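Asker: For reference, this is run27.tsv, and it has TSV, C-alpha atoms.
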```
chain	number	residue	atom	x	y	z
A	262	GLU	CA	0.00	0.00	0.00
A	263	ALA	CA	2.84	2.39	0.81
A	264	VAL	CA	4.50	1.64	-2.55
A	265	ALA	CA	1.22	2.20	-4.42
A	266	GLN	CA	0.69	5.48	-2.57
A	267	THR	CA	4.22	6.62	-3.44
A	268	MET	CA	3.88	5.63	-7.09
A	269	ASP	CA	0.65	7.59	-7.42
A	270	ASN	CA	1.45	10.72	-5.43
A	271	ALA	CA	5.20	11.17	-4.95
A	272	GLU	CA	6.93	13.99	-6.80
A	273	ARG	CA	9.50	12.87	-9.34
A	274	ALA	CA	12.73	14.53	-10.40
A	275	THR	CA	12.44	15.07	-14.13
A	276	GLY	CA	14.34	17.05	-16.72
A	277	GLU	CA	16.92	19.50	-15.40
A	278	ARG	CA	17.06	22.63	-13.28
A	279	GLN	CA	19.35	25.60	-13.89
A	280	LEU	CA	20.92	26.71	-10.63
A	281	GLY	CA	22.71	29.83	-11.83
A	282	ILE	CA	26.01	30.90	-13.37
A	283	ASP	CA	29.48	29.65	-12.47
A	284	PRO	CA	31.39	32.84	-11.47
A	285	SER	CA	34.76	31.51	-12.65
A	286	SER	CA	33.74	30.44	-16.16
A	287	GLY	CA	30.53	32.38	-16.73
A	288	LYS	CA	28.78	29.18	-17.84
A	289	PRO	CA	25.37	27.96	-16.64
A	290	VAL	CA	25.16	25.36	-13.88
A	291	PHE	CA	22.50	22.63	-14.11
A	292	ALA	CA	21.25	19.91	-11.80
A	293	ARG	CA	19.87	16.92	-13.67
A	294	LEU	CA	19.61	13.16	-13.87
A	295	GLY	CA	22.56	11.49	-15.59
A	296	ARG	CA	23.44	7.98	-16.60
A	297	PHE	CA	24.68	7.07	-13.11
A	298	GLY	CA	22.15	9.11	-11.12
A	299	PRO	CA	21.69	12.73	-10.02
A	300	MET	CA	24.47	15.08	-11.02
A	301	VAL	CA	25.40	18.71	-11.59
A	302	GLN	CA	26.89	20.11	-14.76
A	303	ILE	CA	28.79	23.26	-15.67
A	304	GLY	CA	28.31	24.28	-19.30
A	305	ALA	CA	25.82	23.26	-21.98
A	306	GLN	CA	26.02	20.37	-24.42
A	307	GLU	CA	26.06	22.84	-27.34
A	308	ASP	CA	29.26	24.52	-26.13
A	309	GLU	CA	32.51	23.84	-27.97
A	310	GLU	CA	34.18	23.00	-24.67
A	311	LYS	CA	33.01	19.77	-23.01
A	312	PRO	CA	30.85	20.36	-19.90
A	313	LYS	CA	32.14	19.44	-16.45
A	314	TYR	CA	30.23	16.93	-14.33
A	315	ALA	CA	30.03	16.07	-10.63
A	316	THR	CA	27.95	13.47	-8.81
A	317	LEU	CA	25.59	14.54	-6.04
A	318	LYS	CA	26.07	13.22	-2.52
A	319	SER	CA	23.54	10.70	-1.24
A	320	SER	CA	22.06	13.38	1.02
A	321	GLN	CA	21.51	15.85	-1.86
A	322	SER	CA	18.70	16.13	-4.39
A	323	ILE	CA	18.51	17.86	-7.79
A	324	SER	CA	15.27	19.51	-6.65
A	325	SER	CA	16.82	21.22	-3.62
A	326	ILE	CA	20.58	21.59	-4.18
A	327	SER	CA	21.80	25.20	-4.25
A	328	LEU	CA	24.31	26.82	-6.59
A	329	GLU	CA	26.88	27.06	-3.78
A	330	GLU	CA	26.49	23.38	-2.87
A	331	ALA	CA	26.79	22.41	-6.53
A	332	LEU	CA	30.00	24.41	-7.02
A	333	ASP	CA	31.49	22.78	-3.91
A	334	LEU	CA	31.20	19.40	-5.65
A	335	PHE	CA	33.60	20.58	-8.33
A	336	LYS	CA	36.32	21.13	-5.73
A	337	LEU	CA	36.87	17.36	-5.82
A	338	PRO	CA	39.31	15.82	-6.37
A	339	PHE	CA	41.97	17.85	-4.59
A	340	ASN	CA	45.52	17.08	-3.49
A	341	LEU	CA	46.87	17.10	0.04
A	342	ASP	CA	50.47	16.88	1.23
A	343	ASN	CA	52.34	13.71	0.32
A	344	TYR	CA	52.54	11.01	2.97
A	345	GLN	CA	55.54	8.64	3.07
A	346	ASN	CA	56.57	9.92	-0.36
A	347	LYS	CA	53.20	8.96	-1.87
A	348	GLU	CA	50.62	11.33	-3.35
A	349	VAL	CA	47.42	11.86	-1.31
A	350	VAL	CA	44.21	12.79	-3.15
A	351	VAL	CA	40.67	13.22	-1.85
A	352	GLY	CA	37.91	12.57	-4.38
A	353	THR	CA	34.60	10.90	-5.04
A	354	GLY	CA	33.72	8.20	-7.49
A	355	ARG	CA	31.06	5.74	-8.46
A	356	PHE	CA	31.33	3.98	-5.08
A	357	GLY	CA	31.47	7.13	-2.97
A	358	PRO	CA	34.16	9.44	-1.53
A	359	TYR	CA	37.68	8.16	-1.00
A	360	VAL	CA	41.26	8.98	-0.08
A	361	LYS	CA	43.76	7.84	-2.68
A	362	TRP	CA	47.22	7.13	-1.29
A	363	GLY	CA	49.63	6.24	-4.04
A	364	GLU	CA	47.77	3.59	-6.05
A	365	GLN	CA	45.53	2.54	-3.15
A	366	PHE	CA	41.90	3.76	-2.86
A	367	ILE	CA	40.52	3.94	0.69
A	368	SER	CA	36.80	4.55	1.13
A	369	LEU	CA	35.79	7.23	3.61
A	370	PRO	CA	33.58	6.19	6.53
A	371	LYS	CA	29.89	6.43	5.77
A	372	GLY	CA	28.53	9.97	6.16
A	373	GLU	CA	31.93	11.70	6.25
A	374	ASP	CA	32.20	14.84	4.11
A	375	PRO	CA	35.18	14.54	1.73
A	376	LEU	CA	35.49	18.34	1.55
A	377	ALA	CA	36.23	18.37	5.27
A	378	VAL	CA	39.15	15.93	5.00
A	379	ASP	CA	42.46	17.66	5.67
A	380	ASN	CA	46.04	16.34	5.88
A	381	GLU	CA	45.67	15.16	9.47
A	382	ARG	CA	42.40	13.31	8.83
A	383	ALA	CA	43.71	11.73	5.61
A	384	ILE	CA	46.73	10.31	7.47
A	385	GLU	CA	44.39	8.90	10.16
A	386	ILE	CA	42.34	7.15	7.47
A	387	ILE	CA	45.49	5.76	5.83
A	388	LYS	CA	46.84	4.45	9.15
A	389	GLU	CA	43.48	2.84	9.99
A	390	LYS	CA	43.62	1.04	6.65
A	391	GLN	CA	47.19	-0.08	7.28
A	392	VAL	CA	46.16	-1.56	10.62
A	393	ALA	CA	43.15	-3.27	9.01
A	394	ASP	CA	45.37	-4.72	6.27
A	395	ALA	CA	48.13	-5.83	8.64
A	396	PRO	CA	48.61	-9.61	8.89
A	397	VAL	CA	46.70	-11.24	11.74
A	398	GLY	CA	48.53	-14.53	11.30
A	399	PHE	CA	50.47	-16.74	8.91
A	400	TYR	CA	49.83	-20.07	7.20
A	401	GLU	CA	52.78	-21.85	5.61
A	402	GLY	CA	54.71	-18.59	5.78
A	403	VAL	CA	52.09	-16.62	3.83
A	404	PRO	CA	50.39	-13.76	5.73
A	405	ILE	CA	46.68	-13.85	6.57
A	406	THR	CA	44.65	-10.64	6.65
A	407	LYS	CA	40.99	-10.15	7.45
A	408	GLY	CA	38.22	-7.79	6.46
A	409	LYS	CA	34.50	-7.36	5.90
A	410	GLY	CA	33.04	-7.38	2.42
A	411	ARG	CA	29.79	-7.60	0.55
A	412	PHE	CA	29.17	-11.16	1.72
A	413	GLY	CA	30.30	-10.71	5.30
A	414	PRO	CA	33.57	-11.17	7.22
A	415	PHE	CA	36.46	-12.96	5.52
A	416	ILE	CA	40.14	-13.74	5.78
A	417	LYS	CA	42.53	-13.50	2.85
A	418	TRP	CA	45.43	-15.87	2.35
A	419	GLY	CA	47.45	-15.24	-0.79
A	420	GLU	CA	44.85	-14.95	-3.54
A	421	LEU	CA	42.18	-16.89	-1.64
A	422	TYR	CA	39.25	-15.13	0.03
A	423	ILE	CA	37.73	-17.33	2.73
A	424	ASN	CA	34.36	-16.55	4.30
A	425	VAL	CA	34.31	-16.81	8.09
A	426	PRO	CA	31.18	-18.64	9.37
A	427	ARG	CA	29.27	-17.31	12.37
A	428	ARG	CA	30.48	-20.10	14.62
A	429	TYR	CA	33.86	-18.34	14.73
A	430	ASP	CA	34.51	-15.20	16.77
A	431	PHE	CA	35.69	-12.99	13.92
A	432	ASP	CA	37.05	-10.24	16.18
A	433	HIS	CA	39.19	-12.72	18.13
A	434	LEU	CA	40.29	-15.31	15.56
A	435	SER	CA	43.05	-17.53	16.89
A	436	GLN	CA	45.86	-18.96	14.80
A	437	ALA	CA	44.21	-22.38	15.16
A	438	ASP	CA	40.93	-20.97	13.77
A	439	MET	CA	42.69	-19.47	10.77
A	440	ASN	CA	44.66	-22.69	10.13
A	441	GLU	CA	41.39	-24.61	10.12
A	442	LEU	CA	39.70	-22.16	7.74
A	443	VAL	CA	42.58	-22.08	5.27
A	444	ALA	CA	43.02	-25.86	5.31
A	445	ALA	CA	39.31	-26.43	4.71
A	446	LYS	CA	39.34	-23.97	1.81
A	447	LEU	CA	42.39	-25.65	0.24
A	448	GLU	CA	40.76	-29.05	0.52
A	449	LYS	CA	37.58	-27.70	-1.07
A	450	GLU	CA	39.55	-26.17	-3.94
A	451	ALA	CA	41.49	-29.40	-4.45
A	452	ASN	CA	38.21	-31.32	-4.74
A	453	ARG	CA	36.48	-28.66	-6.79
A	454	PHE	CA	36.93	-30.31	-10.19
A	455	ILE	CA	35.73	-33.85	-10.84
A	456	GLN	CA	36.78	-33.58	-14.49
A	457	GLU	CA	38.01	-30.67	-16.55
A	458	TRP	CA	38.44	-30.01	-20.29
A	459	PRO	CA	40.03	-26.53	-20.48
A	460	GLY	CA	40.24	-26.52	-24.28
A	461	GLU	CA	36.47	-27.00	-24.48
A	462	ASN	CA	35.64	-24.59	-21.62
A	463	ILE	CA	33.84	-27.47	-19.92
A	464	ALA	CA	34.25	-28.87	-16.42
A	465	ILE	CA	32.34	-31.00	-13.93
A	466	GLU	CA	32.57	-29.31	-10.53
A	467	ASN	CA	31.50	-30.05	-6.99
A	468	GLY	CA	29.03	-27.37	-5.95
A	469	ARG	CA	27.27	-26.45	-2.78
A	470	TRP	CA	24.22	-28.52	-3.77
A	471	GLY	CA	26.09	-31.27	-5.59
A	472	PRO	CA	28.00	-31.73	-8.86
A	473	PHE	CA	27.18	-29.58	-11.89
A	474	ILE	CA	28.56	-28.86	-15.36
A	475	ARG	CA	30.26	-25.53	-15.93
A	476	PHE	CA	30.22	-24.54	-19.59
A	477	LYS	CA	32.03	-21.23	-20.03
A	478	LYS	CA	30.19	-19.01	-17.51
A	479	ASP	CA	27.03	-21.13	-17.38
A	480	MET	CA	26.18	-23.59	-14.60
A	481	ILE	CA	24.29	-26.55	-16.08
A	482	LYS	CA	22.42	-29.11	-14.02
A	483	ILE	CA	23.45	-32.74	-14.42
A	484	PRO	CA	20.39	-34.80	-15.43
A	485	ARG	CA	19.52	-38.10	-13.79
A	486	LYS	CA	20.41	-41.41	-15.36
A	487	ALA	CA	17.93	-43.48	-17.42
A	488	ASP	CA	16.89	-45.40	-14.28
A	489	GLY	CA	16.12	-42.14	-12.47
A	490	GLU	CA	19.11	-42.34	-10.12
A	491	LYS	CA	21.68	-39.57	-9.65
A	492	TYR	CA	25.22	-39.91	-10.98
A	493	GLU	CA	27.80	-40.85	-8.37
A	494	THR	CA	31.10	-38.98	-8.18
A	495	ASP	CA	33.11	-41.94	-9.49
A	496	GLU	CA	30.73	-42.23	-12.47
A	497	LEU	CA	31.19	-38.54	-13.29
A	498	ALA	CA	34.96	-38.96	-13.00
A	499	ALA	CA	34.82	-41.56	-15.78
A	500	ILE	CA	32.15	-40.03	-18.01
A	501	SER	CA	33.23	-39.04	-21.54
A	502	LEU	CA	33.40	-35.55	-22.97
A	503	GLU	CA	30.85	-36.52	-25.66
A	504	SER	CA	28.34	-37.51	-22.97
A	505	VAL	CA	28.87	-34.24	-21.13
A	506	LYS	CA	28.38	-32.27	-24.37
A	507	ALA	CA	25.13	-34.16	-24.95
A	508	MET	CA	23.94	-33.05	-21.49
A	509	VAL	CA	24.83	-29.46	-22.35
A	510	LEU	CA	23.03	-29.63	-25.73
A	511	ALA	CA	19.93	-31.10	-24.11
A	512	GLN	CA	19.54	-27.88	-22.11
A	513	ASN	CA	21.11	-25.44	-24.58
A	514	PRO	CA	20.75	-26.60	-28.22
A	515	ASP	CA	22.79	-23.65	-29.51
A	516	ALA	CA	25.64	-24.06	-27.03
A	517	PHE	CA	28.26	-25.10	-29.57
A	518	ASN	CA	26.99	-23.20	-32.60
A	519	SER	CA	29.41	-20.62	-33.92
A	520	LYS	CA	28.02	-17.14	-34.34
A	521	LYS	CA	26.74	-16.57	-37.86
A	522	THR	CA	26.62	-13.18	-39.45
A	523	LYS	CA	23.11	-12.16	-40.34
A	524	ALA	CA	22.39	-11.57	-44.00
A	525	VAL	CA	21.67	-7.95	-44.73
A	526	LYS	CA	18.15	-7.50	-46.03
A	527	THR	CA	17.78	-5.25	-49.05
A	528	THR	CA	14.61	-3.29	-49.58
A	529	PRO	CA	13.49	-3.11	-53.23
A	530	VAL	CA	13.45	0.42	-54.57
A	531	LYS	CA	10.07	1.54	-55.85
A	532	LYS	CA	10.15	3.24	-59.20
A	533	SER	CA	8.66	6.68	-59.35
A	534	SER	CA	6.10	7.64	-62.01
A	535	ALA	CA	8.74	9.71	-63.80
A	536	THR	CA	11.09	6.69	-63.90
A	537	LYS	CA	8.28	4.52	-65.29
A	538	LYS	CA	7.55	7.02	-68.09
A	539	THR	CA	11.23	7.22	-69.04
A	540	THR	CA	11.49	3.42	-69.08
A	541	LYS	CA	8.41	3.07	-71.33
A	542	ALA	CA	9.77	5.66	-73.78
A	543	ALA	CA	13.10	3.81	-73.94
A	544	VAL	CA	11.30	0.52	-74.65
A	545	LYS	CA	9.36	2.10	-77.53
A	546	THR	CA	12.55	3.51	-79.07
A	547	VAL	CA	14.27	0.12	-78.92
A	548	ALA	CA	11.18	-1.57	-80.39
A	549	LYS	CA	11.19	0.75	-83.41
A	550	LYS	CA	14.81	-0.14	-84.12
A	551	VAL	CA	14.34	-3.90	-83.96
A	552	VAL	CA	10.95	-4.23	-85.76
A	553	PRO	CA	11.61	-5.35	-89.42
A	554	LYS	CA	10.27	-3.29	-92.38
A	555	ARG	CA	7.07	-4.46	-93.95
A	556	SER	CA	7.19	-6.08	-97.42
A	557	ALA	CA	6.11	-4.16	-100.58
A	558	SER	CA	2.97	-6.26	-100.87
A	559	THR	CA	1.67	-5.27	-97.50
A	560	LYS	CA	3.07	-1.77	-97.25
A	561	THR	CA	0.98	1.12	-98.63
A	562	THR	CA	3.02	4.22	-99.42
A	563	THR	CA	2.43	7.55	-101.09
A	564	PRO	CA	4.64	8.00	-104.23
A	565	THR	CA	7.18	10.75	-103.92
A	566	LYS	CA	8.51	13.01	-106.69
A	567	ALA	CA	11.73	11.04	-106.83
A	568	THR	CA	9.80	7.80	-107.38
A	569	ALA	CA	7.71	9.33	-110.24
A	570	SER	CA	10.81	10.61	-112.08
A	571	ARG	CA	12.42	7.14	-111.82
A	572	LYS	CA	9.30	5.58	-113.35
A	573	LYS	CA	9.37	8.03	-116.28
A	574	ALA	CA	13.00	7.23	-116.84
```
Mind converting the file's structure to structure tokens?

Answerer:
Amino acid sequence: EAVAQTMDNAERATGERQLGIDPSSGKPVFARLGRFGPMVQIGAQEDEEKPKYATLKSSQSISSISLEEALDLFKLPFNLDNYQNKEVVVGTGRFGPYVKWGEQFISLPKGEDPLAVDNERAIEIIKEKQVADAPVGFYEGVPITKGKGRFGPFIKWGELYINVPRRYDFDHLSQADMNELVAAKLEKEANRFIQEWPGENIAIENGRWGPFIRFKKDMIKIPRKADGEKYETDELAAISLESVKAMVLAQNPDAFNSKKTKAVKTTPVKKSSATKKTTKAAVKTVAKKVVPKRSASTKTTTPTKATASRKKA
């Protein structure tokens, strides 16, 4: 009911709104919806010089943002003093405001204004990130770090990201806990493939809900056998590539078809009335040239003076 009420009665941000003139360039400033959401723009599309763009903060709206607030957005990115011989830049991007230290991007805490970040605050953010990225343990001489991501808390060992289940105390992981997590992940990765054909982009893998066929980026369910029973792991380990391809084709008939270029359709050109008249006239002219002369017996002609003088002669 709330959604229906909003859909029917809520005001929508449409089109664009001119906020005023940029004092430094003399160009108009607009607030409008862009490809990646609400934004402000200095300059018009018709100008020879490309307009400048800046993304609105999550707390701002194109219907209420002021000229001063819009111009503040163009102060990003800006440079601060170098830290440990690396450049420090404060900016905002598709995923929000950040501090860039050398080649590393560090997201600002939620709700923090990037324009308020000075040298001291930037160094604090960098140090906090260094502490967060510091090794919390080692496994076979390789450091283990931990963090929180889109899918929850994790530890990172080498190139492996390992989710930490709730039964572990993430804030107080012991070396034994981390050894157990890494070992379990390595065992899982070792048993991931039942069979693999890299040249064909096909593999049979162990998944969370049982074995499946991976064809390129697709996950294809393994059908049951003729007797209705599921395939056992040892059976899948011995199954042929041709049989696996047949399973893929049964669910995706075009899986192995190469892309064919579509034939370009040509639209017949209709002749105009003027073209038709010209064509008819040309046909008549050609017909006159190719029609043979009638014989003397069938042809009736009017004698000319030249013919009469020849007769007298």

Asker: So the first atom is CA of Pro484 (chain A) and the second is CA of Asn462 (chain A); what is the distance between them in Å, to one decimal place?

Answerer: 19.4 Å

Asker: Extending 3 Å beyond the listed atoms of region 290-306 of chain A on each side, what axis-aligned box results? I want centre and edge lengths in Å to one decimal, as AutoDock Vina command-line options.

Answerer:
```
--center_x 24.2 --center_y 16.2 --center_z -17.2 --size_x 15.2 --size_y 24.3 --size_z 20.4
```

Asker: Which distance in Å separates CA of Gly468 (chain A) and CA of Asn513 (chain A), to one decimal?

Answerer: 20.3 Å

Asker: If I take CA of Asn467 (chain A) and CA of Arg411 (chain A), how far is one from the other in Å, to one decimal?

Answerer: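 For CA of Asn467 (chain A) relative to CA of Arg411 (chain A), the distance reads 23.7 Å.
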
Asker: Residues within 8 Å of Lys347 (chain A), please, as a PyMOL selection string. Count only C-alpha atoms; anything in the same chain fewer than 4 positions from it doesn't count.

Answerer: chain A and resi 343+362-363

Asker: Give me the region 312-352 of chain A side of the contact with region 379-400 of chain A, cut-off 12 Å, one line per residue showing its nearest atom pair and distance in Å at one decimal, counting all atoms listed in the file, sorted by chain and residue number, as JSON lines.

Answerer:
```
{"residue": "A:Phe339", "atom": "CA", "partner": "A:Asp379", "partner_atom": "CA", "distance": 10.3}
{"residue": "A:Asn340", "atom": "CA", "partner": "A:Asn380", "partner_atom": "CA", "distance": 9.4}
{"residue": "A:Leu341", "atom": "CA", "partner": "A:Asn380", "partner_atom": "CA", "distance": 5.9}
{"residue": "A:Asp342", "atom": "CA", "partner": "A:Asn380", "partner_atom": "CA", "distance": 6.4}
{"residue": "A:Asn343", "atom": "CA", "partner": "A:Asn380", "partner_atom": "CA", "distance": 8.8}
{"residue": "A:Tyr344", "atom": "CA", "partner": "A:Ile384", "partner_atom": "CA", "distance": 7.4}
{"residue": "A:Gln345", "atom": "CA", "partner": "A:Ile384", "partner_atom": "CA", "distance": 10.0}
{"residue": "A:Lys347", "atom": "CA", "partner": "A:Ile387", "partner_atom": "CA", "distance": 11.4}
{"residue": "A:Glu348", "atom": "CA", "partner": "A:Ala383", "partner_atom": "CA", "distance": 11.3}
{"residue": "A:Val349", "atom": "CA", "partner": "A:Ala383", "partner_atom": "CA", "distance": 7.9}
{"residue": "A:Val350", "atom": "CA", "partner": "A:Ala383", "partner_atom": "CA", "distance": 8.8}
{"residue": "A:Val351", "atom": "CA", "partner": "A:Ala383", "partner_atom": "CA", "distance": 8.2}
{"residue": "A:Gly352", "atom": "CA", "partner": "A:Ala383", "partner_atom": "CA", "distance": 11.6}
```

Asker: Within 12 Å of (32.1, -40.2, -9.5) (coordinates as in the file), grab all the protein and nucleic acid residues, counting all atoms listed in the file, and write them out as a PDB file with C-alpha atoms, keeping the file's coordinate frame.

Answerer:
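Generated file (result_39.pdb):
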```pdb
ATOM      1  CA  ASN A 452      38.210 -31.320  -4.740  1.00  0.00           C
ATOM      2  CA  PHE A 454      36.930 -30.310 -10.190  1.00  0.00           C
ATOM      3  CA  ILE A 455      35.730 -33.850 -10.840  1.00  0.00           C
ATOM      4  CA  GLN A 456      36.780 -33.580 -14.490  1.00  0.00           C
ATOM      5  CA  ILE A 465      32.340 -31.000 -13.930  1.00  0.00           C
ATOM      6  CA  GLU A 466      32.570 -29.310 -10.530  1.00  0.00           C
ATOM      7  CA  ASN A 467      31.500 -30.050  -6.990  1.00  0.00           C
ATOM      8  CA  GLY A 471      26.090 -31.270  -5.590  1.00  0.00           C
ATOM      9  CA  PRO A 472      28.000 -31.730  -8.860  1.00  0.00           C
ATOM     10  CA  PHE A 473      27.180 -29.580 -11.890  1.00  0.00           C
ATOM     11  CA  LYS A 491      21.680 -39.570  -9.650  1.00  0.00           C
ATOM     12  CA  TYR A 492      25.220 -39.910 -10.980  1.00  0.00           C
ATOM     13  CA  GLU A 493      27.800 -40.850  -8.370  1.00  0.00           C
ATOM     14  CA  THR A 494      31.100 -38.980  -8.180  1.00  0.00           C
ATOM     15  CA  ASP A 495      33.110 -41.940  -9.490  1.00  0.00           C
ATOM     16  CA  GLU A 496      30.730 -42.230 -12.470  1.00  0.00           C
ATOM     17  CA  LEU A 497      31.190 -38.540 -13.290  1.00  0.00           C
ATOM     18  CA  ALA A 498      34.960 -38.960 -13.000  1.00  0.00           C
ATOM     19  CA  ALA A 499      34.820 -41.560 -15.780  1.00  0.00           C
ATOM     20  CA  ILE A 500      32.150 -40.030 -18.010  1.00  0.00           C
TER      21      ILE A 500
END
```

Asker: Which one is closest to Ser322 (chain A): A:Asp283, A:Asp374, A:Glu277, A:Asp432? Count only C-alpha atoms.

Answerer: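 Closest residue, counting only C-alpha atoms: A:Glu277.
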
Asker: Between A:Val505, A:Leu442, A:Ile474, A:Met480, which residue has the minimum interatomic distance to Arg428 (chain A), considering all atoms listed in the file?

Answerer: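 Checking each of A:Val505, A:Leu442, A:Ile474, A:Met480 against Arg428 (chain A), counting all atoms listed in the file, the winner is A:Leu442.
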
Asker: Would you mind listing what lies within 9 Å of Pro426 (chain A) as a PyMOL selection string, with all atoms listed in the file counted and same-chain residues fewer than 5 positions away left out?

Answerer: chain A and resi 413-415+431

Asker: Return the single residue from A:Pro284, A:Gln302, A:Ile367, A:Ile483 that is closest to Ala507 (chain A), with distances computed using all atoms listed in the file.

Answerer: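 Ranking A:Pro284, A:Gln302, A:Ile367, A:Ile483 by distance to Ala507 (chain A), first place goes to A:Ile483.
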
Asker: Here is a test: counting all atoms listed in the file, which residue of A:Ser319, A:Glu307, A:Lys486, A:Pro375 is nearest to Lys336 (chain A)?

Answerer: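 Among the listed residues, A:Pro375 lies closest to Lys336 (chain A).
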
Asker: I want to know what sits within 12 Å of Ser327 (chain A), based on all atoms listed in the file, with residues of the same chain fewer than 2 positions away left out; could you give that as a ChimeraX atom specification?

Answerer: /A:278-282,290-292,301,317,321-325,329-334
